[in-house]
>>> print(open('run26.txt').read())   # compact mmCIF, C-alpha atoms
# COMPACT_ATOMS: atom_id res chain seq x y z
CA MET A 14 -3.17 264.04 47.02
CA ALA A 15 -5.53 261.06 46.91
CA VAL A 16 -7.29 259.94 50.05
CA VAL A 17 -7.81 256.22 50.62
CA VAL A 18 -11.02 255.51 52.50
CA GLU A 19 -11.07 252.28 54.45
CA PRO A 20 -14.30 250.25 54.53
CA SER A 21 -15.24 250.54 58.19
CA SER A 22 -17.63 249.19 60.73
CA SER A 23 -20.50 251.27 62.07
CA ASP A 24 -18.38 252.53 64.98
CA LEU A 25 -15.06 253.12 63.17
CA GLN A 26 -14.12 255.30 60.18
CA ILE A 27 -10.62 255.27 58.68
CA HIS A 28 -9.03 257.59 56.13
CA ARG A 29 -5.50 257.31 54.75
CA LEU A 30 -3.72 260.39 53.46
CA PRO A 31 -0.56 259.50 51.43
CA GLN A 32 2.50 261.70 52.01
CA PRO A 33 5.60 262.16 49.83
CA LYS A 34 8.07 261.64 52.71
CA TYR A 35 8.73 259.18 55.52
CA ILE A 36 6.89 260.14 58.72
CA ASP A 37 9.07 259.78 61.83
CA ALA A 38 6.46 261.12 64.28
CA LEU A 39 3.23 263.08 64.39
CA ARG A 40 1.29 265.04 67.03
CA TRP A 41 -1.98 266.92 67.34
CA LEU A 42 -1.55 270.62 68.02
CA PRO A 43 -3.89 272.22 70.59
CA HIS A 44 -6.61 274.27 68.95
CA LEU A 45 -8.77 277.18 70.03
CA SER A 46 -11.73 276.01 67.95
CA ALA A 47 -13.08 272.55 67.19
CA LEU A 48 -13.34 273.64 63.56
CA ASP A 49 -9.62 274.40 63.30
CA THR A 50 -7.45 271.32 63.84
CA HIS A 51 -3.75 271.07 63.03
CA ILE A 52 -1.11 268.38 63.23
CA ALA A 53 2.69 268.48 63.37
CA LEU A 54 4.65 266.00 61.26
CA ALA A 55 8.33 265.11 61.64
CA LEU A 56 9.37 264.09 58.12
CA HIS A 57 12.43 262.58 56.46
CA ASP A 58 13.19 262.56 52.74
CA SER A 59 15.16 259.38 52.02
CA HIS A 60 16.29 260.70 48.62
CA SER A 61 17.82 263.97 49.82
CA ALA A 62 18.43 262.87 53.45
CA ALA A 63 16.71 266.11 54.54
CA SER A 64 14.51 266.27 57.63
CA SER A 65 11.82 268.77 58.48
CA ILE A 66 8.88 269.55 60.74
CA GLU A 67 5.67 270.56 58.99
CA ILE A 68 2.41 271.95 60.34
CA HIS A 69 -0.72 270.94 58.45
CA ALA A 70 -4.31 272.04 58.83
CA LEU A 71 -6.68 269.09 58.87
CA LYS A 72 -9.61 269.91 56.63
CA THR A 73 -12.64 267.77 57.39
CA PRO A 74 -15.62 269.41 55.69
CA PRO A 75 -16.45 268.16 53.15
CA ASN A 76 -15.64 264.50 53.65
CA PRO A 77 -13.08 262.98 53.05
CA PRO A 78 -10.46 264.90 55.06
CA SER A 79 -7.28 266.44 53.65
CA LEU A 80 -4.06 267.99 54.94
CA ASP A 81 -3.13 271.56 53.99
CA LEU A 82 0.51 272.60 54.59
CA GLN A 83 0.70 275.77 56.73
CA SER A 84 4.41 276.08 57.53
CA SER A 85 7.65 274.11 57.49
CA TRP A 86 10.97 274.17 59.35
CA THR A 87 14.16 272.42 58.24
CA CYS A 88 15.72 270.27 60.94
CA PRO A 89 19.53 269.84 60.99
CA SER A 90 19.20 266.13 61.77
CA ARG A 91 16.57 263.40 61.69
CA VAL A 92 13.96 263.73 64.45
CA SER A 93 14.09 261.06 67.16
CA SER A 94 11.26 262.31 69.40
CA LEU A 95 8.47 264.88 69.03
CA ARG A 96 6.28 266.50 71.71
CA VAL A 97 3.77 269.36 71.80
CA SER A 98 2.56 271.47 74.74
CA GLN A 99 -1.19 271.38 75.30
CA THR A 100 -1.73 275.12 75.77
CA PRO A 101 -3.83 276.58 72.90
CA GLN A 102 -2.79 280.15 73.75
CA LYS A 103 0.91 279.35 73.28
CA PRO A 104 1.57 276.10 71.40
CA LEU A 105 5.16 274.88 71.59
CA ILE A 106 6.79 272.02 69.69
CA ALA A 107 9.83 270.18 71.07
CA ALA A 108 11.89 267.98 68.76
CA SER A 109 15.02 265.99 69.60
CA THR A 110 17.37 264.50 67.03
CA PHE A 111 19.67 261.57 66.34
CA ASP A 112 22.62 263.98 66.53
CA GLY A 113 21.82 264.94 70.14
CA SER A 114 20.33 268.39 69.55
CA LEU A 115 17.05 269.76 70.93
CA HIS A 116 14.81 272.28 69.16
CA PHE A 117 11.77 274.32 70.28
CA LEU A 118 9.38 275.83 67.75
CA ALA A 119 6.97 278.53 68.92
CA THR A 120 3.78 278.71 66.87
CA HIS A 121 1.10 281.32 66.31
CA PRO A 122 -1.98 280.58 68.49
CA VAL A 123 -4.45 281.10 65.62
CA ASN A 124 -2.94 279.88 62.34
CA LEU A 125 -0.20 277.82 64.10
CA SER A 126 2.51 279.00 61.72
CA ILE A 127 6.05 278.66 63.07
CA GLN A 128 7.10 282.03 64.49
CA SER A 129 10.47 281.35 66.10
CA ASP A 130 12.89 278.57 66.98
CA THR A 131 15.49 278.10 69.71
CA SER A 132 17.93 275.20 70.02
CA ILE A 133 20.50 273.47 72.18
CA GLU A 134 23.16 272.01 69.91
CA GLU A 135 26.27 272.09 72.09
CA LYS A 136 28.30 268.89 72.36
CA GLY A 137 28.04 268.66 76.14
CA PHE A 138 24.25 268.41 76.12
CA HIS A 139 23.91 264.85 74.77
CA VAL A 140 26.28 262.57 72.90
CA GLY A 141 24.38 260.60 70.29
CA PRO A 142 20.60 260.23 69.92
CA ILE A 143 18.12 261.78 72.34
CA TRP A 144 15.55 258.98 72.50
CA GLY A 145 13.06 260.53 74.91
CA VAL A 146 11.75 264.07 75.41
CA ASP A 147 8.68 265.42 77.22
CA LEU A 148 7.26 268.88 77.85
CA LEU A 149 5.79 269.87 81.20
CA GLY A 150 2.37 271.52 81.05
CA SER A 151 2.60 274.72 79.04
CA GLY A 152 6.15 273.90 77.96
CA GLY A 153 8.16 275.83 80.52
CA GLU A 154 10.31 272.80 81.29
CA CYS A 155 11.45 269.82 79.26
CA VAL A 156 13.12 266.54 80.24
CA THR A 157 15.47 264.77 77.82
CA VAL A 158 17.09 261.33 78.03
CA GLY A 159 19.51 259.66 75.67
CA GLU A 160 21.60 256.75 74.57
CA ASP A 161 24.51 258.33 76.46
CA GLY A 162 22.79 257.79 79.82
CA ARG A 163 22.29 261.49 80.49
CA VAL A 164 19.12 262.95 82.01
CA ASN A 165 18.72 266.71 81.46
CA LEU A 166 16.14 269.29 82.51
CA VAL A 167 15.72 272.23 80.12
CA THR A 168 14.12 275.54 81.12
CA VAL A 169 12.38 277.21 78.19
CA GLY A 170 12.45 281.02 78.39
CA GLU A 171 11.03 283.62 76.05
CA SER A 172 14.18 283.90 73.98
CA ARG A 173 16.77 281.59 75.55
CA LEU A 174 17.21 278.06 76.85
CA SER A 175 19.12 276.78 79.86
CA TYR A 176 19.61 273.30 81.17
CA ARG A 177 21.01 271.37 84.10
CA ARG A 178 22.08 267.76 84.31
CA VAL A 179 20.02 265.61 86.67
CA PHE A 180 22.05 262.46 86.16
CA ASP A 181 24.81 261.01 84.02
CA SER A 182 25.43 257.26 83.96
CA GLU A 183 28.55 257.90 81.85
CA GLY A 184 27.36 255.40 79.28
CA LEU A 185 26.72 252.54 81.71
CA VAL A 186 22.94 252.84 81.25
CA SER A 187 20.94 254.11 78.27
CA TYR A 188 17.53 255.76 78.56
CA THR A 189 14.98 255.48 75.79
CA ALA A 190 11.78 257.17 77.06
CA ALA A 191 10.65 259.91 79.46
CA LYS A 192 7.36 261.26 80.81
CA TRP A 193 6.46 263.97 83.33
CA ALA A 194 4.23 262.95 86.27
CA SER A 195 4.14 266.28 88.13
CA PRO A 196 6.10 269.57 88.10
CA ALA A 197 8.81 267.85 90.18
CA GLU A 198 8.60 264.17 89.16
CA PHE A 199 9.08 262.20 85.96
CA ALA A 200 9.63 258.62 84.83
CA THR A 201 12.21 257.19 82.45
CA GLY A 202 12.65 253.79 80.79
CA GLY A 203 15.42 251.84 79.16
CA LEU A 204 17.03 248.47 78.60
CA GLY A 205 15.78 245.35 80.36
CA PHE A 206 12.22 246.69 80.61
CA SER A 207 13.57 248.94 83.37
CA LEU A 208 11.74 252.00 84.68
CA GLN A 209 13.02 254.78 86.93
CA TRP A 210 11.14 257.40 88.98
CA TRP A 211 12.85 260.75 89.51
CA ASP A 212 12.23 263.74 91.76
CA HIS A 213 14.48 266.60 90.66
CA ARG A 214 14.25 268.11 94.15
CA LYS A 215 16.23 265.08 95.35
CA PRO A 216 19.64 264.94 93.62
CA GLY A 217 21.80 261.87 93.26
CA GLY A 218 19.69 259.59 91.09
CA ALA A 219 16.29 257.97 90.74
CA VAL A 220 14.17 257.73 93.90
CA SER A 221 12.59 254.43 92.81
CA GLN A 222 13.44 251.81 90.20
CA PHE A 223 11.84 248.82 88.57
CA LYS A 224 14.28 246.31 87.11
CA GLY A 225 12.78 244.04 84.46
CA GLY A 226 14.14 240.58 84.00
CA TRP A 227 10.70 239.06 84.39
CA GLY A 228 8.82 236.94 81.89
CA ARG A 229 10.06 235.29 78.72
CA GLY A 230 13.40 236.45 77.38
CA GLY A 231 14.77 237.67 80.70
CA SER A 232 15.82 241.31 80.71
CA SER A 233 16.62 241.73 77.00
CA GLY A 234 13.66 243.97 76.22
CA ILE A 235 13.65 247.75 75.71
CA VAL A 236 11.08 250.30 76.86
CA HIS A 237 10.23 252.57 73.92
CA SER A 238 7.38 254.64 75.35
CA ILE A 239 5.89 255.70 78.70
CA ASP A 240 2.61 257.37 79.63
CA ILE A 241 1.24 258.60 82.95
CA HIS A 242 -2.42 259.45 83.51
CA PRO A 243 -2.88 262.97 84.97
CA SER A 244 -5.25 261.69 87.67
CA ARG A 245 -3.06 258.71 88.63
CA LYS A 246 0.53 259.86 88.77
CA HIS A 247 1.50 256.84 90.90
CA THR A 248 1.05 254.51 87.91
CA CYS A 249 2.86 254.58 84.57
CA VAL A 250 2.38 252.32 81.57
CA ALA A 251 5.22 251.30 79.29
CA GLY A 252 5.48 249.71 75.86
CA GLY A 253 8.48 247.91 74.43
CA SER A 254 9.91 244.78 72.88
CA SER A 255 8.01 241.57 72.07
CA GLY A 256 4.63 243.30 72.00
CA THR A 257 4.95 244.16 75.68
CA VAL A 258 2.73 246.68 77.44
CA PHE A 259 2.84 246.73 81.23
CA ALA A 260 1.95 249.00 84.14
CA TRP A 261 4.18 249.91 87.07
CA ASP A 262 2.44 251.12 90.24
CA LEU A 263 4.69 252.86 92.76
CA ARG A 264 2.51 251.54 95.57
CA TRP A 265 3.43 247.98 94.57
CA PRO A 266 6.75 248.54 92.77
CA GLU A 267 7.70 244.85 92.47
CA GLN A 268 4.39 243.71 90.95
CA PRO A 269 4.02 244.91 87.34
CA VAL A 270 0.70 244.34 85.62
CA VAL A 271 1.21 242.87 82.14
CA LEU A 272 -1.42 244.05 79.65
CA SER A 273 0.19 242.61 76.52
CA GLY A 274 3.23 240.62 75.43
CA ILE A 275 5.62 238.77 77.71
CA GLY A 276 4.34 237.37 80.95
CA THR A 277 2.76 234.22 82.20
CA GLY A 278 -0.54 232.48 81.81
CA GLU A 279 -3.31 233.47 79.45
CA ARG A 280 -2.13 237.04 78.86
CA GLU A 281 0.40 235.86 76.27
CA ASN A 282 -2.41 234.38 74.16
CA THR A 283 -4.26 237.71 73.94
CA SER A 284 -1.35 239.93 72.92
CA PRO A 285 -2.25 241.89 69.75
CA SER A 286 1.42 242.25 68.74
CA GLU A 287 4.62 240.20 68.84
CA SER A 288 7.07 242.92 67.80
CA GLU A 289 8.28 246.31 69.07
CA VAL A 290 5.60 248.51 70.64
CA TRP A 291 6.69 252.01 69.60
CA GLU A 292 4.18 254.09 71.51
CA VAL A 293 1.60 253.82 74.30
CA GLN A 294 -0.99 256.33 75.50
CA TYR A 295 -3.82 256.09 77.99
CA ASP A 296 -7.04 255.99 75.99
CA CYS A 297 -9.41 258.44 77.67
CA PHE A 298 -12.12 257.78 75.06
CA VAL A 299 -12.94 254.27 76.28
CA HIS A 300 -13.90 255.27 79.81
CA SER A 301 -14.69 258.93 79.28
CA SER A 302 -18.18 258.56 80.74
CA ASN A 303 -17.49 256.36 83.78
CA ILE A 304 -13.84 256.91 84.66
CA SER A 305 -14.82 258.13 88.15
CA ASN A 306 -16.32 254.72 88.92
CA VAL A 307 -13.16 252.75 88.10
CA SER A 308 -11.09 251.49 91.05
CA SER A 309 -7.82 253.37 91.57
CA SER A 310 -5.96 250.05 91.52
CA ARG A 311 -7.30 249.05 88.10
CA ILE A 312 -5.19 249.94 85.07
CA LEU A 313 -7.07 252.19 82.66
CA PRO A 314 -7.27 251.27 78.94
CA VAL A 315 -4.08 251.86 76.92
CA MET A 316 -3.67 252.38 73.18
CA MET A 317 -0.55 250.99 71.50
CA CYS A 318 1.05 250.85 68.06
CA SER A 319 3.65 248.37 66.85
CA GLU A 320 6.27 247.44 64.29
CA ASP A 321 4.04 244.67 62.91
CA GLY A 322 1.31 247.18 61.99
CA ILE A 323 -1.08 246.94 64.92
CA LEU A 324 -3.03 249.81 66.48
CA ALA A 325 -5.04 248.45 69.38
CA VAL A 326 -6.45 249.17 72.84
CA VAL A 327 -5.42 246.82 75.65
CA GLU A 328 -7.13 246.71 79.02
CA GLU A 329 -6.59 244.78 82.21
CA GLY A 330 -8.67 241.60 82.20
CA GLU A 331 -10.15 242.27 78.75
CA GLU A 332 -9.49 241.07 75.20
CA PRO A 333 -7.56 243.59 73.05
CA ALA A 334 -9.62 245.81 70.77
CA GLU A 335 -7.87 246.04 67.39
CA LEU A 336 -8.35 249.29 65.46
CA LEU A 337 -5.88 248.75 62.61
CA ALA A 338 -3.90 245.80 61.25
CA GLU A 339 -1.51 247.08 58.58
CA PRO A 340 1.02 245.26 56.33
CA CYS A 341 3.60 247.85 57.46
CA ALA A 342 4.83 249.35 60.71
CA ILE A 343 2.84 251.96 62.67
CA ASN A 344 5.63 253.94 64.29
CA SER A 345 3.67 256.77 65.93
CA PHE A 346 0.14 257.77 66.91
CA ASP A 347 -1.61 260.47 68.90
CA ILE A 348 -5.04 260.73 70.52
CA ASN A 349 -6.69 264.13 70.21
CA VAL A 350 -6.85 265.39 73.81
CA GLN A 351 -9.66 267.81 72.96
CA ASN A 352 -11.60 265.21 70.97
CA PRO A 353 -10.41 261.71 72.06
CA SER A 354 -12.65 259.94 69.57
CA THR A 355 -10.17 260.93 66.84
CA VAL A 356 -6.73 259.32 66.47
CA ILE A 357 -3.95 259.94 63.97
CA CYS A 358 -1.14 257.50 63.24
CA SER A 359 1.79 257.29 60.85
CA LEU A 360 2.18 254.31 58.55
CA GLU A 361 5.62 253.25 57.39
CA TRP A 362 4.47 253.43 53.79
CA GLU A 363 4.34 257.25 53.96
CA SER A 364 0.72 257.78 54.94
CA VAL A 365 -1.19 259.46 57.76
CA ALA A 366 -4.19 257.46 58.94
CA ILE A 367 -7.10 259.24 60.63
CA ILE A 368 -9.35 257.03 62.75
CA THR A 369 -12.66 258.33 64.05
CA ARG A 370 -14.51 256.31 66.69
CA GLN A 371 -18.23 256.60 67.36
>>> encode(input="run26.txt", output="structure tokens")
Amino acid sequence: MAVVVEPSSSDLQIHRLPQPKYIDALRWLPHLSALDTHIALALHDSHSAASSIEIHALKTPPNPPSLDLQSSWTCPSRVSSLRVSQTPQKPLIAASTFDGSLHFLATHPVNLSIQSDTSIEEKGFHVGPIWGVDLLGSGGECVTVGEDGRVNLVTVGESRLSYRRVFDSEGLVSYTAAKWASPAEFATGGLGFSLQWWDHRKPGGAVSQFKGGWGRGGSSGIVHSIDIHPSRKHTCVAGGSSGTVFAWDLRWPEQPVVLSGIGTGERENTSPSESEVWEVQYDCFVHSSNISNVSSSRILPVMMCSEDGILAVVEEGEEPAELLAEPCAINSFDINVQNPSTVICSLEWESVAIITRQ
């Protein structure tokens, strides 16, 4: 399949790899060797209405890169969220669906072919879409949140799955994102730019909450994505409606730091996007050399992608650094944990973009 090479600046190289299906999500898979890189794609065929998860090897030498299909698994419903454990010895893929089912795919540690799959598809698990899913560490536990207001913890065994309900709002509140902070704590997000902090050792509900309702538009926004830096579990960043990216620090829970989008003052004028921010991730590439010298109260750089085709890095007190400006939505991206200079993102027009930073 043809590769489109983007004219790039001296510190940025972009390749576009067209795909025959719509890409709902994509993730890097952990690799044992820097020469062997693989990605997982959640795909949807609009003609047949079939959904699948494919594993591709990313071939870089010689330039330009290409994707080589290694294995494929048919999903019973369209994928709503996709996560991968970061353990090269035992890679695990977790995929939730619009029908409320959850699927785990175990892959071979060398060629990353799909070896087995286990699922939770019972009606009592979730009703309707599971919007947020996250794997803990090596993948032994998984948190899921959904439109139905249920928060579930799933234990992933060798051959079976079990789960317990942490909370059920009975439809009064919907959750749209989730992220682990520690083996016992995780954050969720939802309507009204709200965030919740949970400790599953303490039953009964969230231990701390941030209720939006600040800035332009009141509380009408939605949190679509959350990230928590492994060295700063007290702070989470969230992306959502109206180009909004903000940080919530548990030490100052009523004082969010707006990095992009709604807010007051000059920050509105430097927002790279005005539409839905679909994903946020801390960008460890920007401060990889001097992260130890950054104050613990300063928000680290955050990468974001949006419905209006923007892939950018936003940072507290700095102008946004735009990496891509597309005529179509960028609905998913992932920074390579083992090589953070390389980023992959999915373009609405059925392409995978590979961005390499110098």
>>> closest_atom_pairs(input="run26.txt", of="range 140-201 of chain A", to="range 247-268 of chain A", cutoff="9 Å", atoms="all atoms listed in the file", output="tab-separated table")
residue	atom	partner	partner_atom	distance
A:Lys192	CA	A:Cys249	CA	8.9
A:Ala194	CA	A:His247	CA	8.1
A:Ala200	CA	A:Cys249	CA	7.9
>>> closest_residue(input="run26.txt", among="A:Phe111, A:Phe206, A:Phe117, A:Phe346", to="Thr168 in chain A", atoms="only C-alpha atoms")
A:Phe117
>>> closest_residue(input="run26.txt", among="A:Leu148, A:Leu272, A:Met316, A:Leu80", to="Gly330 in chain A", atoms="all atoms listed in the file")
A:Leu272
>>> atom_distance(input="run26.txt", atom1="CA of Cys341 in chain A", atom2="CA of Ser61 in chain A")
22.8 Å
>>> residues_near_point(input="run26.txt", point="(13.9, 257.8, 92.5)", cutoff="8 Å", atoms="all atoms listed in the file", output="PyMOL selection string")
chain A and resi 209-212+218-222
>>> closest_residue(input="run26.txt", among="A:Val186, A:Leu336, A:Ser345, A:Ala325", to="Asp24 in chain A", atoms="all atoms listed in the file")
A:Leu336
>>> closest_residue(input="run26.txt", among="A:Leu39, A:Trp193, A:Gln351, A:Ile127", to="Thr100 in chain A", atoms="only C-alpha atoms")
A:Gln351
>>> closest_residue(input="run26.txt", among="A:Lys34, A:Gly113, A:Val179, A:Met317", to="Ala334 in chain A", atoms="only C-alpha atoms")
A:Met317
>>> atom_distance(input="run26.txt", atom1="CA of Tyr188 in chain A", atom2="CA of Val92 in chain A")
16.6 Å
>>> closest_atom_pairs(input="run26.txt", of="range 64-172 of chain A", to="range 180-185 of chain A", cutoff="12 Å", atoms="all atoms listed in the file", output="JSON lines")
{"residue": "A:Gly137", "atom": "CA", "partner": "A:Asp181", "partner_atom": "CA", "distance": 11.4}
{"residue": "A:Phe138", "atom": "CA", "partner": "A:Asp181", "partner_atom": "CA", "distance": 10.8}
{"residue": "A:His139", "atom": "CA", "partner": "A:Asp181", "partner_atom": "CA", "distance": 10.1}
{"residue": "A:Val140", "atom": "CA", "partner": "A:Gly184", "partner_atom": "CA", "distance": 9.7}
{"residue": "A:Gly141", "atom": "CA", "partner": "A:Gly184", "partner_atom": "CA", "distance": 10.8}
{"residue": "A:Val156", "atom": "CA", "partner": "A:Phe180", "partner_atom": "CA", "distance": 11.5}
{"residue": "A:Thr157", "atom": "CA", "partner": "A:Phe180", "partner_atom": "CA", "distance": 10.9}
{"residue": "A:Val158", "atom": "CA", "partner": "A:Phe180", "partner_atom": "CA", "distance": 9.6}
{"residue": "A:Gly159", "atom": "CA", "partner": "A:Gly184", "partner_atom": "CA", "distance": 9.6}
{"residue": "A:Glu160", "atom": "CA", "partner": "A:Gly184", "partner_atom": "CA", "distance": 7.6}
{"residue": "A:Asp161", "atom": "CA", "partner": "A:Gly184", "partner_atom": "CA", "distance": 5.0}
{"residue": "A:Gly162", "atom": "CA", "partner": "A:Ser182", "partner_atom": "CA", "distance": 4.9}
{"residue": "A:Arg163", "atom": "CA", "partner": "A:Asp181", "partner_atom": "CA", "distance": 4.4}
{"residue": "A:Val164", "atom": "CA", "partner": "A:Phe180", "partner_atom": "CA", "distance": 5.1}
{"residue": "A:Asn165", "atom": "CA", "partner": "A:Phe180", "partner_atom": "CA", "distance": 7.2}
{"residue": "A:Leu166", "atom": "CA", "partner": "A:Phe180", "partner_atom": "CA", "distance": 9.7}
>>> atom_distance(input="run26.txt", atom1="CA of Arg370 in chain A", atom2="CA of Ser84 in chain A")
28.9 Å
>>> residues_around(input="run26.txt", residues="Gly170 in chain A", least_positions_apart="4", cutoff="9 Å", atoms="all atoms listed in the file", output="list in words")
Gly153, Glu154, Leu174 and Ser175 of chain A
>>> closest_residue(input="run26.txt", among="A:Glu171, A:Asp49, A:Asp347, A:Glu320", to="Asn124 in chain A", atoms="only C-alpha atoms")
A:Asp49
>>> residues_around(input="run26.txt", residues="Ser207 in chain A", least_positions_apart="3", cutoff="8 Å", atoms="all atoms listed in the file", output="PyMOL selection string")
chain A and resi 202-204+222-225+235-236
>>> write_last_selection(input="run26.txt", atoms="C-alpha atoms", output="PDB file, keeping the file's coordinate frame")
ATOM      1  CA  GLY A 202      12.650 253.790  80.790  1.00  0.00           C
ATOM      2  CA  GLY A 203      15.420 251.840  79.160  1.00  0.00           C
ATOM      3  CA  LEU A 204      17.030 248.470  78.600  1.00  0.00           C
ATOM      4  CA  GLN A 222      13.440 251.810  90.200  1.00  0.00           C
ATOM      5  CA  PHE A 223      11.840 248.820  88.570  1.00  0.00           C
ATOM      6  CA  LYS A 224      14.280 246.310  87.110  1.00  0.00           C
ATOM      7  CA  GLY A 225      12.780 244.040  84.460  1.00  0.00           C
ATOM      8  CA  ILE A 235      13.650 247.750  75.710  1.00  0.00           C
ATOM      9  CA  VAL A 236      11.080 250.300  76.860  1.00  0.00           C
TER      10      VAL A 236
END
>>> residues_around(input="run26.txt", residues="Ala190 in chain A", least_positions_apart="5", cutoff="6 Å", atoms="only C-alpha atoms", output="list in words")
Gly145, Thr201, Gly202, His237 and Ser238 of chain A
>>> decode(input="run26.txt", residues="range 84-91 of chain A", atoms="all heavy atoms", output="PDB file, in the first residue's frame")
ATOM      1  N   SER A  84      -1.332 -10.840  12.644  1.00  0.00           N
ATOM      2  CA  SER A  84      -2.469 -11.639  13.087  1.00  0.00           C
ATOM      3  C   SER A  84      -3.688 -10.743  13.227  1.00  0.00           C
ATOM      4  O   SER A  84      -3.577  -9.516  13.321  1.00  0.00           O
ATOM      5  CB  SER A  84      -2.168 -12.342  14.420  1.00  0.00           C
ATOM      6  OG  SER A  84      -1.838 -11.415  15.420  1.00  0.00           O
ATOM      7  N   SER A  85      -4.872 -11.388  13.249  1.00  0.00           N
ATOM      8  CA  SER A  85      -6.120 -10.640  13.316  1.00  0.00           C
ATOM      9  C   SER A  85      -7.119 -11.408  14.166  1.00  0.00           C
ATOM     10  O   SER A  85      -7.102 -12.648  14.207  1.00  0.00           O
ATOM     11  CB  SER A  85      -6.672 -10.415  11.906  1.00  0.00           C
ATOM     12  OG  SER A  85      -7.908  -9.735  11.946  1.00  0.00           O
ATOM     13  N   TRP A  86      -7.990 -10.666  14.852  1.00  0.00           N
ATOM     14  CA  TRP A  86      -9.034 -11.264  15.685  1.00  0.00           C
ATOM     15  C   TRP A  86     -10.331 -10.506  15.439  1.00  0.00           C
ATOM     16  O   TRP A  86     -10.369  -9.279  15.456  1.00  0.00           O
ATOM     17  CB  TRP A  86      -8.635 -11.172  17.150  1.00  0.00           C
ATOM     18  CG  TRP A  86      -9.646 -11.713  18.120  1.00  0.00           C
ATOM     19  CD1 TRP A  86      -9.852 -13.016  18.447  1.00  0.00           C
ATOM     20  CD2 TRP A  86     -10.576 -10.949  18.899  1.00  0.00           C
ATOM     21  NE1 TRP A  86     -10.859 -13.124  19.377  1.00  0.00           N
ATOM     22  CE2 TRP A  86     -11.326 -11.873  19.676  1.00  0.00           C
ATOM     23  CE3 TRP A  86     -10.850  -9.586  19.015  1.00  0.00           C
ATOM     24  CZ2 TRP A  86     -12.325 -11.465  20.545  1.00  0.00           C
ATOM     25  CZ3 TRP A  86     -11.854  -9.176  19.880  1.00  0.00           C
ATOM     26  CH2 TRP A  86     -12.583 -10.115  20.635  1.00  0.00           C
ATOM     27  N   THR A  87     -11.412 -11.251  15.174  1.00  0.00           N
ATOM     28  CA  THR A  87     -12.703 -10.640  14.899  1.00  0.00           C
ATOM     29  C   THR A  87     -13.401 -10.286  16.195  1.00  0.00           C
ATOM     30  O   THR A  87     -13.580 -11.136  17.075  1.00  0.00           O
ATOM     31  CB  THR A  87     -13.590 -11.590  14.082  1.00  0.00           C
ATOM     32  OG1 THR A  87     -12.930 -11.892  12.844  1.00  0.00           O
ATOM     33  CG2 THR A  87     -14.930 -10.937  13.779  1.00  0.00           C
ATOM     34  N   CYS A  88     -13.820  -9.038  16.306  1.00  0.00           N
ATOM     35  CA  CYS A  88     -14.480  -8.547  17.513  1.00  0.00           C
ATOM     36  C   CYS A  88     -15.999  -8.588  17.306  1.00  0.00           C
ATOM     37  O   CYS A  88     -16.488  -8.214  16.238  1.00  0.00           O
ATOM     38  CB  CYS A  88     -14.029  -7.117  17.809  1.00  0.00           C
ATOM     39  SG  CYS A  88     -14.523  -6.506  19.427  1.00  0.00           S
ATOM     40  N   PRO A  89     -16.766  -9.031  18.315  1.00  0.00           N
ATOM     41  CA  PRO A  89     -18.213  -9.148  18.127  1.00  0.00           C
ATOM     42  C   PRO A  89     -18.935  -7.809  18.024  1.00  0.00           C
ATOM     43  O   PRO A  89     -20.086  -7.756  17.598  1.00  0.00           O
ATOM     44  CB  PRO A  89     -18.666  -9.911  19.373  1.00  0.00           C
ATOM     45  CG  PRO A  89     -17.619  -9.634  20.396  1.00  0.00           C
ATOM     46  CD  PRO A  89     -16.337  -9.528  19.627  1.00  0.00           C
ATOM     47  N   SER A  90     -18.269  -6.724  18.427  1.00  0.00           N
ATOM     48  CA  SER A  90     -18.876  -5.400  18.360  1.00  0.00           C
ATOM     49  C   SER A  90     -17.775  -4.374  18.115  1.00  0.00           C
ATOM     50  O   SER A  90     -16.587  -4.673  18.250  1.00  0.00           O
ATOM     51  CB  SER A  90     -19.622  -5.090  19.660  1.00  0.00           C
ATOM     52  OG  SER A  90     -20.111  -3.761  19.674  1.00  0.00           O
ATOM     53  N   ARG A  91     -18.155  -3.170  17.765  1.00  0.00           N
ATOM     54  CA  ARG A  91     -17.169  -2.131  17.490  1.00  0.00           C
ATOM     55  C   ARG A  91     -16.414  -1.744  18.765  1.00  0.00           C
ATOM     56  O   ARG A  91     -17.012  -1.617  19.844  1.00  0.00           O
ATOM     57  CB  ARG A  91     -17.867  -0.913  16.896  1.00  0.00           C
ATOM     58  CG  ARG A  91     -16.901   0.120  16.329  1.00  0.00           C
ATOM     59  CD  ARG A  91     -17.605   1.089  15.432  1.00  0.00           C
ATOM     60  NE  ARG A  91     -16.672   2.029  14.841  1.00  0.00           N
ATOM     61  CZ  ARG A  91     -16.983   2.928  13.912  1.00  0.00           C
ATOM     62  NH1 ARG A  91     -18.236   2.978  13.467  1.00  0.00           N
ATOM     63  NH2 ARG A  91     -16.077   3.741  13.411  1.00  0.00           N
TER      64      ARG A  91
END
